$ cat protein12.txt   # compact mmCIF, C-alpha atoms
# COMPACT_ATOMS: atom_id res chain seq x y z
CA ALA A 1 22.45 -21.81 -2.96
CA GLN A 2 24.05 -19.16 -0.85
CA THR A 3 25.99 -20.19 2.23
CA VAL A 4 27.47 -18.17 5.07
CA THR A 5 30.31 -19.50 7.21
CA GLN A 6 31.52 -18.25 10.56
CA SER A 7 34.55 -20.28 11.56
CA GLN A 8 34.96 -18.89 15.08
CA PRO A 9 32.35 -20.37 17.44
CA GLU A 10 33.73 -18.30 20.33
CA MET A 11 35.92 -15.26 20.77
CA SER A 12 36.97 -13.23 23.76
CA VAL A 13 38.49 -9.79 24.13
CA GLN A 14 39.63 -7.56 26.94
CA GLU A 15 37.45 -4.58 27.64
CA ALA A 16 38.56 -1.52 25.61
CA GLU A 17 40.48 -3.67 23.14
CA THR A 18 39.66 -4.43 19.51
CA VAL A 19 38.33 -7.72 18.18
CA THR A 20 37.58 -8.97 14.68
CA LEU A 21 34.94 -11.56 13.87
CA SER A 22 35.28 -13.47 10.61
CA CYS A 23 32.66 -14.35 8.01
CA THR A 24 32.89 -15.84 4.55
CA TYR A 25 30.08 -16.50 2.13
CA ASP A 26 29.42 -18.12 -1.17
CA THR A 27 27.17 -16.76 -3.89
CA SER A 28 26.99 -16.55 -7.64
CA GLU A 29 25.30 -13.17 -7.50
CA SER A 30 27.19 -9.96 -8.16
CA ASP A 31 24.97 -7.68 -6.11
CA TYR A 32 23.73 -8.47 -2.63
CA TYR A 33 23.61 -7.22 0.95
CA LEU A 34 25.61 -8.41 3.91
CA PHE A 35 24.70 -7.83 7.54
CA TRP A 36 25.98 -8.36 11.04
CA TYR A 37 23.35 -9.01 13.71
CA LYS A 38 23.88 -9.04 17.45
CA GLN A 39 21.89 -11.35 19.70
CA PRO A 40 22.35 -10.59 23.42
CA PRO A 41 21.06 -12.94 26.14
CA SER A 42 17.63 -11.35 25.75
CA ARG A 43 17.68 -13.12 22.32
CA GLN A 44 16.48 -9.99 20.51
CA MET A 45 18.09 -9.78 17.05
CA ILE A 46 19.67 -6.37 16.60
CA LEU A 47 21.11 -5.12 13.33
CA VAL A 48 24.65 -3.86 13.90
CA ILE A 49 25.87 -2.92 10.45
CA ARG A 50 25.11 -3.52 6.77
CA GLN A 51 27.10 -3.48 3.54
CA GLU A 52 26.02 -3.29 -0.06
CA ALA A 53 28.17 -5.43 -2.32
CA TYR A 54 28.20 -2.76 -5.03
CA LYS A 55 29.85 -0.29 -2.68
CA GLN A 56 33.61 -0.55 -2.36
CA GLN A 57 33.72 1.60 0.76
CA ASN A 58 33.57 -0.36 3.97
CA ALA A 59 30.61 0.44 6.22
CA THR A 60 31.17 2.01 9.62
CA GLU A 61 28.79 2.55 12.53
CA ASN A 62 30.49 4.19 15.49
CA ARG A 63 32.74 1.52 17.07
CA PHE A 64 31.72 -1.10 14.51
CA SER A 65 33.28 -1.39 11.07
CA VAL A 66 33.57 -4.05 8.43
CA ASN A 67 36.31 -5.26 6.13
CA PHE A 68 34.53 -6.27 2.95
CA GLN A 69 36.62 -8.19 0.44
CA LYS A 70 34.30 -8.99 -2.45
CA ALA A 71 36.72 -11.06 -4.49
CA ALA A 72 37.57 -13.19 -1.48
CA LYS A 73 33.91 -13.28 -0.38
CA SER A 74 34.93 -12.19 3.06
CA PHE A 75 33.03 -9.89 5.42
CA SER A 76 34.65 -9.42 8.83
CA LEU A 77 33.37 -7.26 11.69
CA LYS A 78 35.73 -5.16 13.77
CA ILE A 79 34.63 -3.93 17.17
CA SER A 80 36.82 -1.19 18.59
CA ASP A 81 36.99 -0.14 22.24
CA SER A 82 35.05 -3.24 23.30
CA GLN A 83 32.48 -2.70 26.02
CA LEU A 84 30.79 -5.10 28.41
CA GLY A 85 27.53 -4.51 26.57
CA ASP A 86 29.04 -5.94 23.39
CA ALA A 87 28.93 -9.43 24.85
CA ALA A 88 26.53 -11.41 22.67
CA MET A 89 26.20 -13.84 19.79
CA TYR A 90 27.06 -12.23 16.47
CA PHE A 91 25.58 -13.50 13.24
CA CYS A 92 26.70 -12.72 9.74
CA ALA A 93 23.90 -12.76 7.17
CA TYR A 94 23.45 -12.55 3.41
CA ARG A 95 20.52 -11.36 1.36
CA ALA A 96 20.10 -11.10 -2.38
CA ILE A 97 19.14 -7.73 -3.79
CA PHE A 98 16.86 -9.17 -6.44
CA GLY A 99 14.57 -12.12 -5.98
CA ASN A 100 14.35 -13.91 -2.68
CA GLU A 101 14.10 -11.63 0.35
CA LYS A 102 15.25 -14.19 2.88
CA LEU A 103 18.27 -13.76 5.11
CA THR A 104 20.80 -16.60 5.15
CA PHE A 105 22.66 -16.68 8.44
CA GLY A 106 25.99 -18.06 9.57
CA THR A 107 26.23 -20.22 12.67
CA GLY A 108 27.28 -17.33 14.88
CA THR A 109 30.22 -16.32 17.06
CA ARG A 110 29.83 -15.96 20.79
CA LEU A 111 31.76 -12.91 21.97
CA THR A 112 32.86 -12.62 25.57
CA ILE A 113 34.18 -9.36 27.01
CA ILE A 114 36.75 -9.75 29.77
CA PRO A 115 36.64 -6.92 32.32
CA ASP B 1 6.48 2.92 17.73
CA ALA B 2 5.72 -0.66 18.60
CA GLY B 3 8.03 -3.16 17.00
CA VAL B 4 7.15 -6.64 15.85
CA ILE B 5 4.99 -8.30 18.48
CA GLN B 6 5.05 -12.03 19.10
CA SER B 7 2.98 -14.11 21.45
CA PRO B 8 3.39 -16.05 23.53
CA ARG B 9 6.98 -15.36 24.59
CA HIS B 10 7.29 -18.85 26.03
CA GLU B 11 5.31 -21.97 25.31
CA VAL B 12 5.66 -25.37 26.93
CA THR B 13 3.55 -28.16 25.55
CA GLU B 14 3.46 -31.90 25.35
CA MET B 15 4.23 -33.98 22.33
CA GLY B 16 1.22 -34.37 20.08
CA GLN B 17 -0.43 -31.12 21.06
CA GLU B 18 -1.22 -28.31 18.65
CA VAL B 19 0.83 -25.15 19.03
CA THR B 20 -0.01 -21.76 17.55
CA LEU B 21 2.50 -18.92 17.48
CA ARG B 22 1.32 -15.42 16.67
CA CYS B 23 2.92 -12.38 15.12
CA LYS B 24 1.89 -8.79 14.56
CA PRO B 25 4.23 -7.04 12.11
CA ILE B 26 5.12 -3.38 12.21
CA SER B 27 2.26 -1.32 10.80
CA GLY B 28 2.71 -0.63 7.11
CA HIS B 29 5.23 -3.38 6.50
CA ASP B 30 4.41 -5.58 3.53
CA TYR B 31 6.83 -8.44 4.15
CA LEU B 32 6.59 -10.92 7.01
CA PHE B 33 9.10 -13.66 7.77
CA TRP B 34 9.14 -16.64 10.11
CA TYR B 35 12.56 -17.92 11.20
CA ARG B 36 13.50 -20.76 13.52
CA GLN B 37 16.61 -20.90 15.69
CA THR B 38 18.00 -24.18 17.01
CA MET B 39 21.38 -25.24 18.30
CA MET B 40 21.73 -27.82 15.55
CA ARG B 41 20.60 -25.79 12.53
CA GLY B 42 21.09 -22.21 13.63
CA LEU B 43 18.77 -19.55 12.21
CA GLU B 44 16.79 -20.61 9.18
CA LEU B 45 13.90 -19.17 7.24
CA LEU B 46 10.69 -21.17 7.39
CA ILE B 47 8.42 -19.04 5.22
CA TYR B 48 7.84 -15.48 4.15
CA PHE B 49 4.86 -13.49 2.91
CA ASN B 50 4.53 -10.44 0.72
CA ASN B 51 1.24 -8.57 0.90
CA ASN B 52 -0.22 -11.51 2.82
CA VAL B 53 0.69 -14.02 0.09
CA PRO B 54 3.21 -16.80 0.84
CA ILE B 55 6.22 -16.37 -1.43
CA ASP B 56 8.73 -18.96 -0.26
CA ASP B 57 7.74 -21.82 2.01
CA SER B 58 10.62 -24.09 1.09
CA GLY B 59 11.94 -23.93 4.63
CA MET B 60 8.81 -25.33 6.22
CA PRO B 61 10.05 -28.67 7.57
CA GLU B 62 7.03 -30.83 6.93
CA ASP B 63 3.28 -30.97 6.71
CA ARG B 64 2.95 -30.58 10.45
CA PHE B 65 3.87 -26.93 10.01
CA SER B 66 1.52 -24.39 8.50
CA ALA B 67 1.53 -20.61 8.35
CA LYS B 68 -1.17 -18.14 7.51
CA MET B 69 -1.47 -14.41 7.10
CA PRO B 70 -5.16 -13.54 6.98
CA ASN B 71 -4.49 -9.80 6.94
CA ALA B 72 -1.66 -7.30 6.92
CA SER B 73 -1.46 -7.10 10.69
CA PHE B 74 -1.49 -10.71 11.79
CA SER B 75 0.19 -14.02 11.05
CA THR B 76 0.20 -17.44 12.70
CA LEU B 77 2.55 -20.37 12.62
CA LYS B 78 0.90 -23.63 13.62
CA ILE B 79 2.47 -26.95 14.48
CA GLN B 80 0.16 -29.94 14.63
CA PRO B 81 1.07 -32.37 16.07
CA SER B 82 4.11 -31.01 17.88
CA GLU B 83 7.22 -33.12 18.48
CA PRO B 84 10.19 -32.64 20.82
CA ARG B 85 12.44 -31.81 17.86
CA ASP B 86 10.28 -28.74 17.21
CA SER B 87 11.69 -27.19 20.37
CA ALA B 88 13.33 -23.95 19.27
CA VAL B 89 13.04 -20.18 19.30
CA TYR B 90 10.72 -18.94 16.57
CA PHE B 91 11.23 -15.41 15.31
CA CYS B 92 8.91 -13.28 13.30
CA ALA B 93 10.33 -10.35 11.32
CA SER B 94 8.86 -7.73 9.03
CA SER B 95 10.12 -5.27 6.45
CA ILE B 96 8.80 -2.69 4.05
CA THR B 97 9.51 -2.38 0.34
CA GLY B 98 11.66 0.60 -0.46
CA ALA B 99 13.22 1.01 2.95
CA PRO B 100 17.02 1.10 3.00
CA HIS B 101 18.22 -2.44 2.35
CA ASN B 102 14.64 -3.61 3.03
CA GLU B 103 15.83 -4.05 6.58
CA GLN B 104 14.10 -6.79 8.51
CA PHE B 105 12.98 -5.96 12.03
CA PHE B 106 12.77 -8.92 14.36
CA GLY B 107 10.34 -9.64 17.13
CA PRO B 108 11.50 -10.90 20.53
CA GLY B 109 10.90 -14.52 19.59
CA THR B 110 8.83 -17.33 21.07
CA ARG B 111 10.71 -20.03 22.92
CA LEU B 112 8.88 -23.30 22.31
CA THR B 113 9.54 -26.38 24.40
CA VAL B 114 7.86 -29.63 23.44
CA LEU B 115 8.09 -32.30 26.13
$ encode --input "protein12.txt" --output "structure tokens"
Amino acid sequence: AQTVTQSQPEMSVQEAETVTLSCTYDTSESDYYLFWYKQPPSRQMILVIRQEAYKQQNATENRFSVNFQKAAKSFSLKISDSQLGDAAMYFCAYRAIFGNEKLTFGTGTRLTIIP
Amino acid sequence: DAGVIQSPRHEVTEMGQEVTLRCKPISGHDYLFWYRQTMMRGLELLIYFNNNVPIDDSGMPEDRFSAKMPNASFSTLKIQPSEPRDSAVYFCASSITGAPHNEQFFGPGTRLTVL
């Protein structure tokens, strides 16, 4: 079974600085998707960024980028120029490309932005 | 466009009562997912449907839980009888085959409290 691990329950960063959230996963599949979701206090789940395992290039969405290390099964999220609105829970998630459509989530990292 | 709609947004009930959570997926989406979020277990899939047919219900905790999807625009998750340990946020999500990464769009969630 696939597992996703987020080893940082909480992180904090000064406004305008850069922070990196860690995620590791375990799977026997060679092709899959990885995601980072943001959950603000409103509890709405918002997709931040996605990565296909078959792509070597790291995904980037504006201030958000990932460091995908397939061999190490690592998928970290870097937030540049942190803003107050980035404060939220961040969840790493895994989904197989073929077969089961379900998302497997990590336990989340609570990110605090210090003004 | 309306996103995934869930009702009610909050539900408070007493142990032993029947609880019904409702979900309207995004029009045209052929997958529907029910997830549960608790402090202890994080976010976990309960069940998902494809074209109104249950595909994976291995996450349904026990016989007290049941889910139905009578048509493409409506699904229910029922708990009977409810217990305090069922207190959680229940999310519904939907996706469409062929969309990039089959991205799942989440509803706002229903916060259930069982006293």
$ closest_residue --input "protein12.txt" --among "A:Asp81, A:Glu52, A:Glu10, A:Glu61" --to "chain B" --atoms "all atoms listed in the file"
A:Glu52
$ interface_residues --input "protein12.txt" --of "chain B" --to "chain A" --cutoff "9 Å" --atoms "only C-alpha atoms" --output "PDB file with C-alpha atoms, in the coordinates of the input"
ATOM      1  CA  TYR B  31       6.830  -8.440   4.150  1.00  0.00           C
ATOM      2  CA  PHE B  33       9.100 -13.660   7.770  1.00  0.00           C
ATOM      3  CA  MET B  39      21.380 -25.240  18.300  1.00  0.00           C
ATOM      4  CA  ARG B  41      20.600 -25.790  12.530  1.00  0.00           C
ATOM      5  CA  GLY B  42      21.090 -22.210  13.630  1.00  0.00           C
ATOM      6  CA  LEU B  43      18.770 -19.550  12.210  1.00  0.00           C
ATOM      7  CA  GLU B  44      16.790 -20.610   9.180  1.00  0.00           C
ATOM      8  CA  LEU B  45      13.900 -19.170   7.240  1.00  0.00           C
ATOM      9  CA  ILE B  47       8.420 -19.040   5.220  1.00  0.00           C
ATOM     10  CA  TYR B  48       7.840 -15.480   4.150  1.00  0.00           C
ATOM     11  CA  ILE B  55       6.220 -16.370  -1.430  1.00  0.00           C
ATOM     12  CA  ASP B  56       8.730 -18.960  -0.260  1.00  0.00           C
ATOM     13  CA  VAL B  89      13.040 -20.180  19.300  1.00  0.00           C
ATOM     14  CA  HIS B 101      18.220  -2.440   2.350  1.00  0.00           C
ATOM     15  CA  ASN B 102      14.640  -3.610   3.030  1.00  0.00           C
ATOM     16  CA  GLU B 103      15.830  -4.050   6.580  1.00  0.00           C
ATOM     17  CA  GLN B 104      14.100  -6.790   8.510  1.00  0.00           C
ATOM     18  CA  PHE B 105      12.980  -5.960  12.030  1.00  0.00           C
ATOM     19  CA  PHE B 106      12.770  -8.920  14.360  1.00  0.00           C
ATOM     20  CA  GLY B 107      10.340  -9.640  17.130  1.00  0.00           C
ATOM     21  CA  PRO B 108      11.500 -10.900  20.530  1.00  0.00           C
ATOM     22  CA  GLY B 109      10.900 -14.520  19.590  1.00  0.00           C
TER      23      GLY B 109
END
$ closest_residue --input "protein12.txt" --among "A:Thr18, A:Asn58, A:Thr5, A:Thr24" --to "Lys78 (chain A)" --atoms "only C-alpha atoms"
A:Thr18
$ residues_around --input "protein12.txt" --residues "region 8-17 of chain B" --least-positions-apart "6" --cutoff "6 Å" --atoms "only C-alpha atoms" --output "PDB file with C-alpha atoms, in the frame of the given file"
ATOM      1  CA  PRO B  81       1.070 -32.370  16.070  1.00  0.00           C
ATOM      2  CA  SER B  82       4.110 -31.010  17.880  1.00  0.00           C
ATOM      3  CA  GLU B  83       7.220 -33.120  18.480  1.00  0.00           C
ATOM      4  CA  THR B 110       8.830 -17.330  21.070  1.00  0.00           C
ATOM      5  CA  ARG B 111      10.710 -20.030  22.920  1.00  0.00           C
ATOM      6  CA  LEU B 112       8.880 -23.300  22.310  1.00  0.00           C
ATOM      7  CA  THR B 113       9.540 -26.380  24.400  1.00  0.00           C
ATOM      8  CA  VAL B 114       7.860 -29.630  23.440  1.00  0.00           C
ATOM      9  CA  LEU B 115       8.090 -32.300  26.130  1.00  0.00           C
TER      10      LEU B 115
END
$ atom_distance --input "protein12.txt" --atom1 "CA of Ser74 (chain A)" --atom2 "CA of Val48 (chain A)"
17.1 Å
$ residues_near_point --input "protein12.txt" --point "(24.4, -2.8, 23.7)" --cutoff "10 Å" --atoms "only C-alpha atoms" --output "PyMOL selection string"
chain A and resi 38-40+46+48+83-88
$ atom_distance --input "protein12.txt" --atom1 "CA of Val19 (chain A)" --atom2 "CA of Gln69 (chain A)"
17.8 Å
$ closest_residue --input "protein12.txt" --among "A:Thr109, A:Thr27, A:Gln14, A:Gln8" --to "Lys70 (chain A)" --atoms "all atoms listed in the file"
A:Thr27
$ atom_distance --input "protein12.txt" --atom1 "CA of Thr60 (chain A)" --atom2 "CA of Ser30 (chain A)"
21.8 Å
